[in-house]
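Next up, run.cif (mmCIF, C-alpha atoms):
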data_model
#
loop_
_atom_site.label_atom_id
_atom_site.label_comp_id
_atom_site.auth_asym_id
_atom_site.auth_seq_id
_atom_site.Cartn_x
_atom_site.Cartn_y
_atom_site.Cartn_z
CA MET S 380 200.02 102.88 52.27
CA ALA S 381 198.97 101.15 55.46
CA SER S 382 199.72 97.47 55.75
CA ARG S 383 196.07 96.75 56.46
CA PHE S 384 192.94 98.48 55.22
CA ASP S 385 190.12 99.51 57.51
CA ASP S 386 187.30 97.51 55.93
CA VAL S 387 184.52 98.30 58.41
CA ALA S 388 182.64 100.22 55.70
CA LEU S 389 182.58 97.08 53.54
CA ARG S 390 180.98 95.04 56.31
CA ALA S 391 178.68 97.54 58.03
CA PRO S 392 174.93 97.61 57.27
CA VAL S 393 173.81 99.87 54.43
CA ASP S 394 171.13 102.52 54.77
CA PRO S 395 169.05 101.79 51.63
CA ALA S 396 167.39 105.21 51.49
CA LEU S 397 170.70 107.03 51.86
CA ALA S 398 172.38 104.73 49.33
CA ARG S 399 169.58 105.44 46.84
CA ALA S 400 169.81 109.18 47.38
CA GLU S 401 173.59 109.19 47.00
CA GLY S 402 173.31 107.01 43.90
CA ARG S 403 170.91 109.43 42.23
CA GLU S 404 173.17 112.34 43.08
CA LEU S 405 176.19 110.51 41.68
CA ILE S 406 174.39 109.73 38.41
CA ARG S 407 173.29 113.36 38.09
CA HIS S 408 176.84 114.51 38.78
CA GLU S 409 178.38 112.12 36.24
CA GLY S 410 175.70 112.46 33.57
CA GLY S 411 174.63 116.06 33.93
CA ARG S 412 171.09 117.26 34.39
CA PHE S 413 169.53 114.36 32.51
CA GLY S 414 172.02 111.72 33.69
CA GLU S 415 169.56 109.73 35.78
CA ALA S 416 166.82 109.76 33.14
CA ALA S 417 169.32 108.80 30.43
CA ALA S 418 170.68 105.92 32.50
CA GLY S 419 167.18 104.60 33.15
CA SER S 420 166.20 105.04 29.51
CA ARG S 421 169.21 103.04 28.29
CA ILE S 422 168.36 100.17 30.62
CA MET S 423 164.71 100.15 29.56
CA PHE S 424 165.63 100.41 25.87
CA ARG S 425 167.96 97.40 26.05
CA ALA S 426 165.35 95.41 27.94
CA ALA S 427 162.63 96.36 25.45
CA VAL S 428 164.75 95.38 22.44
CA LEU S 429 165.55 92.02 24.04
CA VAL S 430 161.93 91.29 24.96
CA VAL S 431 160.59 92.36 21.54
CA GLY S 432 163.21 90.27 19.76
CA ALA S 433 162.39 87.26 21.94
CA GLY S 434 158.70 87.87 21.28
CA VAL S 435 159.20 87.70 17.52
CA LEU S 436 161.18 84.46 17.84
CA ALA S 437 158.52 83.04 20.17
CA ALA S 438 155.78 83.91 17.66
CA LEU S 439 157.67 82.14 14.86
CA TYR S 440 158.20 79.17 17.17
CA VAL S 441 154.47 79.00 18.00
CA LEU S 442 153.55 79.35 14.33
CA MET S 443 155.84 76.47 13.42
CA VAL S 444 154.19 74.24 16.03
CA GLN S 445 150.74 75.31 14.83
CA LEU S 446 151.57 74.35 11.26
CA MET S 447 152.92 71.00 12.44
CA PHE S 448 149.57 70.27 14.08
CA GLY S 449 147.54 71.24 11.05
CA ALA S 450 146.61 74.86 11.79
CA PRO S 451 146.01 76.96 8.66
CA GLY S 452 148.37 79.73 9.81
CA ALA S 453 148.88 82.42 12.38
CA ASP S 454 145.95 83.74 14.39
CA ALA S 455 145.28 85.50 17.70
CA THR S 456 146.45 82.51 19.71
CA THR S 457 149.88 82.85 18.09
CA VAL S 458 150.31 86.28 19.62
CA VAL S 459 148.78 85.32 22.98
CA ILE S 460 150.92 82.22 23.48
CA ALA S 461 154.06 84.03 22.33
CA GLY S 462 153.29 86.85 24.78
CA LEU S 463 152.86 84.39 27.63
CA MET S 464 156.16 82.73 26.69
CA VAL S 465 158.15 85.97 26.87
CA ALA S 466 156.35 87.32 29.95
CA PRO S 467 158.82 85.61 32.34
CA LEU S 468 161.71 87.15 30.37
CA ALA S 469 160.17 90.61 30.69
CA VAL S 470 159.76 90.13 34.45
CA MET S 471 163.34 88.90 34.74
CA GLN S 472 164.61 91.93 32.81
CA ILE S 473 162.77 94.35 35.05
CA ARG S 474 163.88 92.59 38.23
CA GLY S 475 167.44 92.36 36.93
CA ALA S 476 167.52 96.09 36.13
CA VAL S 477 166.20 96.98 39.58
CA ARG S 478 168.61 94.62 41.33
CA GLY S 479 171.53 95.88 39.25
CA ARG S 480 170.71 99.48 40.12
CA ARG S 481 170.39 98.64 43.82
CA ALA S 482 173.68 96.71 43.75
CA SER S 483 175.42 99.69 42.13
CA GLU S 484 174.02 102.04 44.76
CA VAL S 485 175.23 99.78 47.56
CA GLY S 486 178.66 99.51 45.93
CA TRP S 487 179.00 103.29 45.60
CA TYR S 488 177.83 103.73 49.19
CA ARG S 489 180.37 101.27 50.56
CA LEU S 490 183.34 102.34 48.42
CA ARG S 491 182.88 106.01 49.19
CA ARG S 492 183.03 105.34 52.92
CA PHE S 493 185.82 102.78 52.57
CA THR S 494 188.05 105.18 50.65
CA GLU S 495 187.36 108.02 53.09
CA ALA S 496 188.29 105.81 56.04
CA ASN S 497 191.59 104.85 54.39
CA GLY S 498 192.63 108.26 53.06
CA MET S 499 192.06 107.36 49.41
CA SER S 500 190.05 108.99 46.61
CA TYR S 501 187.10 107.50 44.73
CA THR S 502 185.88 108.16 41.20
CA ALA S 503 182.80 106.36 39.92
CA ILE S 504 183.55 106.50 36.19
CA GLU S 505 186.39 107.56 33.91
CA LYS S 506 185.78 107.33 30.17
CA ASP S 507 188.63 106.50 27.79
CA PRO S 508 191.30 106.25 30.50
CA VAL S 509 194.89 106.75 29.35
CA ARG S 510 197.38 104.39 30.99
CA PRO S 511 200.69 103.04 29.65
CA ALA S 512 199.68 99.35 29.74
CA ALA S 513 198.78 97.55 26.51
CA LEU S 514 195.29 96.81 27.88
CA PHE S 515 194.34 100.47 27.37
CA ARG S 516 195.38 100.61 23.72
CA VAL S 517 192.73 98.28 22.32
CA GLY S 518 189.00 98.43 21.82
CA SER S 519 186.33 101.11 21.94
CA SER S 520 183.72 102.27 24.46
CA ARG S 521 186.45 102.09 27.10
CA VAL S 522 185.29 102.84 30.63
CA ALA S 523 187.02 102.45 34.00
CA SER S 524 184.61 102.23 36.91
CA ASP S 525 184.98 102.45 40.69
CA LEU S 526 188.48 103.91 40.55
CA VAL S 527 190.18 103.90 43.94
CA THR S 528 193.42 105.89 44.10
CA ALA S 529 196.02 106.23 46.84
CA THR S 530 198.81 108.80 46.66
CA ALA S 531 200.59 108.47 50.02
CA ASP S 532 203.49 106.09 50.66
CA ARG S 533 202.85 103.51 47.91
CA PRO S 534 200.80 105.19 45.11
CA PHE S 535 198.35 102.84 43.43
CA GLU S 536 195.12 102.76 41.47
CA VAL S 537 192.51 100.00 41.36
CA ALA S 538 189.48 99.82 39.04
CA ASN S 539 187.24 97.59 37.01
CA TYR S 540 187.48 98.19 33.28
CA ALA S 541 185.18 97.50 30.32
CA TYR S 542 185.79 97.80 26.59
CA ASP S 543 184.55 96.40 23.29
CA THR S 544 186.33 94.81 20.38
CA TRP S 545 184.82 93.90 17.03
CA THR S 546 185.01 90.76 14.92
CA ALA S 547 183.58 91.68 11.54
CA ARG S 548 180.23 93.20 12.61
CA THR S 549 180.01 91.37 15.92
CA ARG S 550 180.64 93.33 19.08
CA MET S 551 182.71 91.49 21.68
CA PRO S 552 182.38 93.00 25.17
CA HIS S 553 185.31 92.51 27.57
CA THR S 554 185.83 93.26 31.24
CA ALA S 555 188.95 93.38 33.37
CA CYS S 556 190.14 94.48 36.77
CA TYR S 557 193.51 96.16 37.16
CA ALA S 558 195.72 97.25 40.02
CA MET S 559 198.43 99.73 39.06
CA PHE S 560 201.34 100.42 41.43
CA THR S 561 203.95 103.12 40.99
CA VAL S 562 207.51 101.99 41.69
CA ARG S 563 210.64 103.98 42.54
CA THR S 564 213.16 101.45 41.25
CA ALA S 565 213.93 101.32 37.53
CA LEU S 566 212.47 97.94 36.59
CA PRO S 567 212.94 96.34 33.15
CA PRO S 568 209.80 96.57 30.98
CA MET S 569 208.22 93.15 30.62
CA THR S 570 204.90 91.39 30.22
CA LEU S 571 203.79 88.20 31.93
CA VAL S 572 200.86 86.52 30.18
CA THR S 573 199.13 83.95 32.33
CA ALA S 574 198.86 80.39 31.08
CA ALA S 575 195.92 79.67 33.39
CA ARG S 576 192.94 77.90 31.93
CA ASP S 577 189.23 78.60 32.34
CA ILE S 578 189.68 82.37 32.01
CA PRO S 579 188.62 84.71 29.18
CA SER S 580 190.94 85.05 26.23
CA CYS S 581 193.34 87.96 26.05
CA ALA S 582 192.09 90.73 23.73
CA TRP S 583 195.20 92.90 23.91
CA ARG S 584 198.64 92.11 22.52
CA VAL S 585 202.14 92.12 23.96
CA PRO S 586 204.16 95.16 22.77
CA PRO S 587 205.85 94.31 19.44
CA SER S 588 209.29 95.22 20.82
CA GLN S 589 209.13 92.34 23.31
CA ARG S 590 210.06 88.72 22.63
CA PRO S 591 209.35 85.51 24.58
CA LEU S 592 211.88 84.70 27.28
CA VAL S 593 212.33 81.24 28.80
CA ILE S 594 212.87 81.49 32.56
CA GLY S 595 213.07 77.78 33.28
CA GLY S 596 211.56 75.55 35.92
CA SER S 597 207.85 75.41 36.65
CA PHE S 598 207.39 79.17 36.18
CA ASP S 599 207.12 78.80 32.41
CA ALA S 600 204.10 76.56 32.93
CA HIS S 601 202.31 79.44 34.69
CA PHE S 602 203.44 82.49 32.71
CA GLN S 603 204.73 83.38 29.26
CA VAL S 604 207.42 86.00 29.89
CA HIS S 605 208.05 88.68 27.26
CA CYS S 606 210.66 91.45 27.21
CA ALA S 607 212.99 93.28 24.86
CA PRO S 608 216.14 91.23 24.06
CA GLN S 609 218.42 93.75 25.76
CA ASP S 610 216.44 93.31 29.02
CA ASP S 611 216.78 89.51 29.23
CA ASP S 612 219.41 89.52 31.97
CA ALA S 613 217.66 92.22 34.04
CA VAL S 614 214.37 90.32 33.88
CA ARG S 615 216.02 87.07 34.98
CA ARG S 616 217.65 88.88 37.91
CA LEU S 617 214.31 90.33 38.94
CA LEU S 618 212.40 87.06 38.65
CA THR S 619 214.18 85.22 41.44
CA PRO S 620 212.72 81.92 42.69
CA ALA S 621 211.10 83.80 45.60
CA VAL S 622 209.48 86.33 43.28
CA GLN S 623 208.33 83.56 40.94
CA GLU S 624 206.69 81.70 43.82
CA THR S 625 204.86 84.82 45.00
CA LEU S 626 203.66 85.73 41.52
CA VAL S 627 202.23 82.25 40.97
CA GLU S 628 200.56 82.36 44.38
CA LEU S 629 199.01 85.83 44.11
CA VAL S 630 198.44 86.44 40.39
CA GLY S 631 198.72 83.05 38.73
CA ASN S 632 195.50 83.70 36.80
CA CYS S 633 196.29 87.34 35.98
CA ASP S 634 198.54 89.11 33.51
CA VAL S 635 201.36 91.37 34.70
CA GLU S 636 202.93 94.28 32.84
CA ILE S 637 205.80 96.48 34.00
CA VAL S 638 206.01 99.68 31.98
CA ASP S 639 206.98 103.33 32.56
CA GLY S 640 207.65 102.93 36.26
CA ARG S 641 204.38 101.15 36.95
CA VAL S 642 203.41 97.57 37.68
CA PHE S 643 200.01 96.44 36.37
CA PHE S 644 198.27 93.35 37.69
CA ILE S 645 195.38 92.59 35.32
CA ALA S 646 192.57 90.11 35.88
CA ARG S 647 190.62 89.30 32.72
CA ARG S 648 187.24 89.84 34.34
CA ALA S 649 185.69 92.38 36.66
CA LEU S 650 186.21 91.55 40.32
CA PRO S 651 183.93 92.27 43.31
CA ASN S 652 185.70 95.31 44.71
CA THR S 653 183.34 95.70 47.67
CA ALA S 654 184.35 92.30 49.05
CA PRO S 655 186.83 92.49 51.96
CA ALA S 656 188.75 89.62 50.32
CA PHE S 657 189.42 91.86 47.32
CA TRP S 658 191.23 94.39 49.49
CA GLU S 659 193.15 91.62 51.23
CA TRP S 660 194.40 90.73 47.75
CA ILE S 661 195.39 94.38 47.13
CA GLU S 662 197.28 94.31 50.45
CA ASP S 663 199.16 91.23 49.27
CA LEU S 664 199.97 92.85 45.92
CA ALA S 665 201.27 95.95 47.70
CA ALA S 666 203.49 93.75 49.86
CA LEU S 667 204.77 91.99 46.73
CA VAL S 668 205.69 95.34 45.15
CA ASP S 669 207.19 96.74 48.37
CA GLU S 670 209.20 93.73 49.45
CA GLN S 671 210.11 91.94 46.24
CA LEU S 672 209.83 94.13 43.14
CA ASP S 673 210.55 97.73 44.09
CA ARG S 674 214.15 97.05 45.13
CA GLN S 675 217.54 97.40 43.49
CA VAL S 676 217.73 94.58 40.95
CA GLY S 677 220.15 91.94 42.14
CA SER S 678 219.82 92.74 45.84
CA ALA S 679 218.66 90.21 48.39
CA VAL S 680 214.92 89.59 48.07
CA PRO S 681 213.03 88.51 51.19
CA GLY S 682 210.34 85.91 50.92
CA MET S 683 206.70 86.76 51.49
CA PRO S 684 205.28 85.77 54.87
CA VAL S 685 203.35 82.55 54.88
CA GLU S 686 199.63 83.32 54.84
CA ASP S 687 196.84 81.34 56.40
CA GLU S 688 194.69 78.99 54.36
CA ALA S 689 191.54 80.99 55.06
CA ARG S 690 193.00 84.07 53.39
CA ARG S 691 194.13 81.99 50.41
CA SER S 692 190.67 80.46 50.11
CA ARG S 693 188.96 83.86 50.21
CA ARG S 694 191.27 85.11 47.47
CA ALA S 695 190.59 82.07 45.29
CA LYS S 696 186.84 82.75 45.45
CA LEU S 697 187.39 86.18 43.92
CA PHE S 698 188.44 84.53 40.68
CA GLU S 699 185.87 81.74 40.59
CA ARG S 700 183.94 81.69 37.37
CA THR S 701 180.20 82.24 37.65
CA THR S 702 178.25 79.28 36.31
CA VAL S 703 174.69 79.15 35.09
CA ARG S 704 172.51 77.70 37.80
CA GLY S 705 170.18 74.80 37.11
CA THR S 706 167.17 76.92 38.01
CA ALA S 707 168.08 79.38 35.25
CA VAL S 708 168.22 76.56 32.68
CA VAL S 709 164.86 75.22 33.87
CA GLY S 710 163.45 78.74 33.71
CA CYS S 711 164.37 78.89 30.01
CA LEU S 712 162.96 75.46 29.21
CA ILE S 713 159.58 75.93 30.88
CA PRO S 714 158.36 78.66 28.46
CA LEU S 715 159.44 76.51 25.50
CA LEU S 716 157.60 73.50 26.88
CA PHE S 717 154.56 75.65 27.60
CA GLY S 718 154.60 76.95 24.03
CA VAL S 719 154.63 73.44 22.54
CA VAL S 720 151.92 72.05 24.82
CA ALA S 721 149.61 75.06 24.66
CA THR S 722 149.92 75.37 20.89
CA ALA S 723 149.41 71.64 20.33
CA VAL S 724 146.32 71.51 22.57
CA ILE S 725 144.70 74.60 21.05
CA SER S 726 145.49 73.51 17.48
CA ALA S 727 144.02 70.07 18.13
CA THR S 728 140.80 71.41 19.66
CA MET S 729 140.24 73.91 16.86
CA ARG S 730 140.34 71.38 14.05
#

Would you put the structure from the file into structure tokens?
Amino acid sequence: MASRFDDVALRAPVDPALARAEGRELIRHEGGRFGEAAAGSRIMFRAAVLVVGAGVLAALYVLMVQLMFGAPGADATTVVIAGLMVAPLAVMQIRGAVRGRRASEVGWYRLRRFTEANGMSYTAIEKDPVRPAALFRVGSSRVASDLVTATADRPFEVANYAYDTWTARTRMPHTACYAMFTVRTALPPMTLVTAARDIPSCAWRVPPSQRPLVIGGSFDAHFQVHCAPQDDDAVRRLLTPAVQETLVELVGNCDVEIVDGRVFFIARRALPNTAPAFWEWIEDLAALVDEQLDRQVGSAVPGMPVEDEARRSRRAKLFERTTVRGTAVVGCLIPLLFGVVATAVISATMR
């Protein structure tokens, strides 16, 4: 692969009409004749269920306030006030669905052109992908999206990934982003589980044949290393101080698995793969594999070139956790406050 990606397509303006047309065509191609209608119906069904459920809760909430202020029971105002309370939620759901669809169309538009410019292939969706990493052996409803694959020079595959696990009858949705590189050197199978905080829990398990391995130094504070007992020495030879430093720098909040001639770097959440910084990170991972991992074990390992702070800062933002904004919290509280005040005033005047 080239040392640097041509990311003009990720920065250039988007033609909204063309993006919308290509998005519809992609959905029809992936979902068959009724793909677009089915996709829209699923979005509207989920929104309707959420709004109806919230409406029932709002009606019970209004009824409780009415009874507290001496009303004899439910009446027309119960339904009206409850409807007004959930109206902002309905608007938010519609706007969110439209924005999500537009964002997907823009993402497809950009990634298609980006992969063409860099001699790579693009696949929008792959259901139930089969890969040798442990991540792909757990859960149901498994879908890889926005798969970008390169076959020349250094073969690799990058995609976001979603799957569900179940706790009793509760569905637990999970997302991840993985980068899979094919290596030519026979590397010892091993798993590095990040010890980083403030990231989602790990839903998959280390292969049962592997056992914890203490590397020593500060590296054990960043990763829990697992491998088969017979591979202990090979893993220690591979994880030189230079390799340890690069792993902490580039994937300190990711998991790493080496299996069947492939190296997987796995983030425990979906990442913005249309951001130029994301592909800078993929460039850095490719350099790590080329210069430090895919070599004869025990040979001299060069250090990674020192990168600029701006690049490091852009990479760090990829993994920043999204927080709920204050406006969103206020937006939830206003309907509740409205319900109390409106119900109290109407109940008091109707006595």

So that I can check the surroundings of S:Gln589, please list as a short mmCIF file (atom, residue, chain, number, x, y, z; two decimals) with C-alpha atoms, in the frame of the given file every protein, DNA and RNA residue that reaches within 6 Å of it, counting all atoms listed in the file and ignoring chain neighbours fewer than 3 positions away.
data_model
loop_
_atom_site.label_atom_id
_atom_site.label_comp_id
_atom_site.auth_asym_id
_atom_site.auth_seq_id
_atom_site.Cartn_x
_atom_site.Cartn_y
_atom_site.Cartn_z
CA PRO S 586 204.16 95.16 22.77
CA HIS S 605 208.05 88.68 27.26
CA CYS S 606 210.66 91.45 27.21
CA ALA S 607 212.99 93.28 24.86
#

Q: Go through S:Cys633, S:Ala398, S:Leu571, S:Val627 one by one, measure the shortest atom-to-atom distance of each to S:Val604 using only C-alpha atoms, and give the residue with the smallest value.
A: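 Among S:Cys633, S:Ala398, S:Leu571, S:Val627, it is S:Leu571 that comes nearest to S:Val604.
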
Using all atoms listed in the file, tabulate the residues of stretch 625-668 of chain S lying at most 10 Å from any atom of stretch 478-487 of chain S, each with its closest atom pair and that distance in Å to one decimal, by chain and increasing residue number, as CSV.
residue,atom,partner,partner_atom,distance
S:Pro651,CA,S:Gly486,CA,9.3
S:Asn652,CA,S:Gly486,CA,8.3
S:Thr653,CA,S:Gly486,CA,6.3
S:Ala654,CA,S:Gly486,CA,9.7

Any chance you could export the current selection's C-alpha atoms as a PDB file, in the frame of the given file?
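Okay, this is what ended up in selection.pdb:
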ATOM      1  CA  PRO S 651     183.930  92.270  43.310  1.00  0.00           C
ATOM      2  CA  ASN S 652     185.700  95.310  44.710  1.00  0.00           C
ATOM      3  CA  THR S 653     183.340  95.700  47.670  1.00  0.00           C
ATOM      4  CA  ALA S 654     184.350  92.300  49.050  1.00  0.00           C
TER       5      ALA S 654
END

(Q) Suppose a student applies the PyMOL selection byres ((chain S and resi 593) around 9) to this structure; what residues should they get, written as a PyMOL selection string? (A) chain S and resi 591-592+594-595+599+603-605

Q) Using all atoms listed in the file, which residue out of S:Val509, S:Ala656, S:Tyr440, S:Asp394 lies closest to S:Arg690? A) S:Ala656

Q) Which one is closest to S:Asp663: S:Ala529, S:Val522, S:Asp507, S:Arg383? Count all atoms listed in the file. A)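 Selected residue with least distance to S:Asp663: S:Arg383.
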
Q: Kindly indicate which residue among S:Gly432, S:Pro568, S:Gly498, S:Pro534 lies nearest to S:Ala665, using only C-alpha atoms for the distances.
A: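 Ranked by minimum distance to S:Ala665, first place goes to S:Pro534.
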
(Q) Which residues, named as in the file, does the PyMOL selection byres ((chain S and resi 698) around 12) pick out? Answer as a ChimeraX atom specification. (A) /S:555-556,575-579,629-633,645-652,656-657,660,691-697,699-701

Those same residues, written as a short mmCIF file (atom, residue, chain, number, x, y, z; two decimals), in the coordinates of the input with C-alpha atoms?
data_model
loop_
_atom_site.label_atom_id
_atom_site.label_comp_id
_atom_site.auth_asym_id
_atom_site.auth_seq_id
_atom_site.Cartn_x
_atom_site.Cartn_y
_atom_site.Cartn_z
CA ALA S 555 188.95 93.38 33.37
CA CYS S 556 190.14 94.48 36.77
CA ALA S 575 195.92 79.67 33.39
CA ARG S 576 192.94 77.90 31.93
CA ASP S 577 189.23 78.60 32.34
CA ILE S 578 189.68 82.37 32.01
CA PRO S 579 188.62 84.71 29.18
CA LEU S 629 199.01 85.83 44.11
CA VAL S 630 198.44 86.44 40.39
CA GLY S 631 198.72 83.05 38.73
CA ASN S 632 195.50 83.70 36.80
CA CYS S 633 196.29 87.34 35.98
CA ILE S 645 195.38 92.59 35.32
CA ALA S 646 192.57 90.11 35.88
CA ARG S 647 190.62 89.30 32.72
CA ARG S 648 187.24 89.84 34.34
CA ALA S 649 185.69 92.38 36.66
CA LEU S 650 186.21 91.55 40.32
CA PRO S 651 183.93 92.27 43.31
CA ASN S 652 185.70 95.31 44.71
CA ALA S 656 188.75 89.62 50.32
CA PHE S 657 189.42 91.86 47.32
CA TRP S 660 194.40 90.73 47.75
CA ARG S 691 194.13 81.99 50.41
CA SER S 692 190.67 80.46 50.11
CA ARG S 693 188.96 83.86 50.21
CA ARG S 694 191.27 85.11 47.47
CA ALA S 695 190.59 82.07 45.29
CA LYS S 696 186.84 82.75 45.45
CA LEU S 697 187.39 86.18 43.92
CA GLU S 699 185.87 81.74 40.59
CA ARG S 700 183.94 81.69 37.37
CA THR S 701 180.20 82.24 37.65
#

Q: Kindly resolve the PyMOL selection byres ((chain S and resi 610-622) around 12) on the present coordinates and return the residues as a PyMOL selection string.
A: chain S and resi 564-571+588-599+602+604-609+623-630+637+664+666-684

Q: Considering all atoms listed in the file, return as a PyMOL selection string whatever protein or nucleic-acid residues lie within 7 Å of stretch 526-528 of chain S, sequence-local ones (same chain, fewer than 2 positions apart) excluded.
A: chain S and resi 499-503+523-524+530+535-538

(Q) Would you compute the distance between atom CA of S:Arg548 and atom CA of S:Ala437? Give it in Å to one decimal. (A)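 Between these atoms lies a distance of 25.1 Å.
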
Q) Which residue gives the smallest distance to S:Val517 among S:Arg474, S:Arg533, S:Arg584, S:Arg399, with only C-alpha atoms counted? A) S:Arg584

**Q.** Separation of atom CA of S:Asp525 from atom CA of S:Val562 in Å
**A.**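 Atom CA of S:Val562 sits 22.6 Å away from atom CA of S:Asp525.
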
Q) In Å, with one decimal, what is the gap from atom CA of S:Glu659 to atom CA of S:Ser580? A) 25.9 Å

**Q.** Distance criterion (only C-alpha atoms): nearest to S:Gly402 out of S:Gly640, S:Ser520, S:Tyr488, S:Met447
**A.**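 The closest residue to S:Gly402 is S:Tyr488.
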
Please supply stretch 495-501 of chain S, rebuilt with all heavy atoms, as an mmCIF file, in the frame of the given file.
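The file below, part_39.cif, is the result:
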data_model
loop_
_atom_site.group_PDB
_atom_site.id
_atom_site.type_symbol
_atom_site.label_atom_id
_atom_site.label_comp_id
_atom_site.auth_asym_id
_atom_site.auth_seq_id
_atom_site.Cartn_x
_atom_site.Cartn_y
_atom_site.Cartn_z
ATOM 1 N N GLU S 495 187.213 106.934 52.115
ATOM 2 C CA GLU S 495 187.360 108.020 53.090
ATOM 3 C C GLU S 495 188.057 107.527 54.349
ATOM 4 O O GLU S 495 188.930 108.216 54.895
ATOM 5 C CB GLU S 495 185.991 108.601 53.426
ATOM 6 C CG GLU S 495 185.356 109.403 52.307
ATOM 7 C CD GLU S 495 183.950 109.854 52.644
ATOM 8 O OE1 GLU S 495 183.487 109.546 53.771
ATOM 9 O OE2 GLU S 495 183.310 110.505 51.798
ATOM 10 N N ALA S 496 187.695 106.343 54.810
ATOM 11 C CA ALA S 496 188.290 105.810 56.040
ATOM 12 C C ALA S 496 189.765 105.489 55.866
ATOM 13 O O ALA S 496 190.513 105.470 56.856
ATOM 14 C CB ALA S 496 187.526 104.557 56.473
ATOM 15 N N ASN S 497 190.195 105.240 54.633
ATOM 16 C CA ASN S 497 191.590 104.850 54.390
ATOM 17 C C ASN S 497 192.409 105.929 53.689
ATOM 18 O O ASN S 497 193.504 105.650 53.194
ATOM 19 C CB ASN S 497 191.613 103.551 53.561
ATOM 20 C CG ASN S 497 191.137 102.350 54.351
ATOM 21 O OD1 ASN S 497 191.904 101.743 55.101
ATOM 22 N ND2 ASN S 497 189.864 101.987 54.196
ATOM 23 N N GLY S 498 191.874 107.157 53.633
ATOM 24 C CA GLY S 498 192.630 108.260 53.060
ATOM 25 C C GLY S 498 192.873 108.127 51.568
ATOM 26 O O GLY S 498 193.908 108.573 51.060
ATOM 27 N N MET S 499 191.927 107.521 50.849
ATOM 28 C CA MET S 499 192.060 107.360 49.410
ATOM 29 C C MET S 499 190.958 108.141 48.706
ATOM 30 O O MET S 499 190.013 108.606 49.335
ATOM 31 C CB MET S 499 191.980 105.865 49.034
ATOM 32 C CG MET S 499 193.063 105.025 49.686
ATOM 33 S SD MET S 499 193.029 103.271 49.207
ATOM 34 C CE MET S 499 191.498 102.714 49.965
ATOM 35 N N SER S 500 191.062 108.278 47.396
ATOM 36 C CA SER S 500 190.050 108.990 46.610
ATOM 37 C C SER S 500 189.247 107.995 45.784
ATOM 38 O O SER S 500 189.742 106.927 45.414
ATOM 39 C CB SER S 500 190.696 110.036 45.712
ATOM 40 O OG SER S 500 191.557 109.424 44.763
ATOM 41 N N TYR S 501 188.004 108.376 45.477
ATOM 42 C CA TYR S 501 187.100 107.500 44.730
ATOM 43 C C TYR S 501 186.500 108.254 43.561
ATOM 44 O O TYR S 501 186.036 109.380 43.707
ATOM 45 C CB TYR S 501 185.995 106.988 45.652
ATOM 46 C CG TYR S 501 184.913 106.210 44.925
ATOM 47 C CD1 TYR S 501 185.164 104.935 44.426
ATOM 48 C CD2 TYR S 501 183.643 106.753 44.720
ATOM 49 C CE1 TYR S 501 184.184 104.219 43.758
ATOM 50 C CE2 TYR S 501 182.657 106.046 44.057
ATOM 51 C CZ TYR S 501 182.940 104.782 43.572
ATOM 52 O OH TYR S 501 181.974 104.076 42.900
#
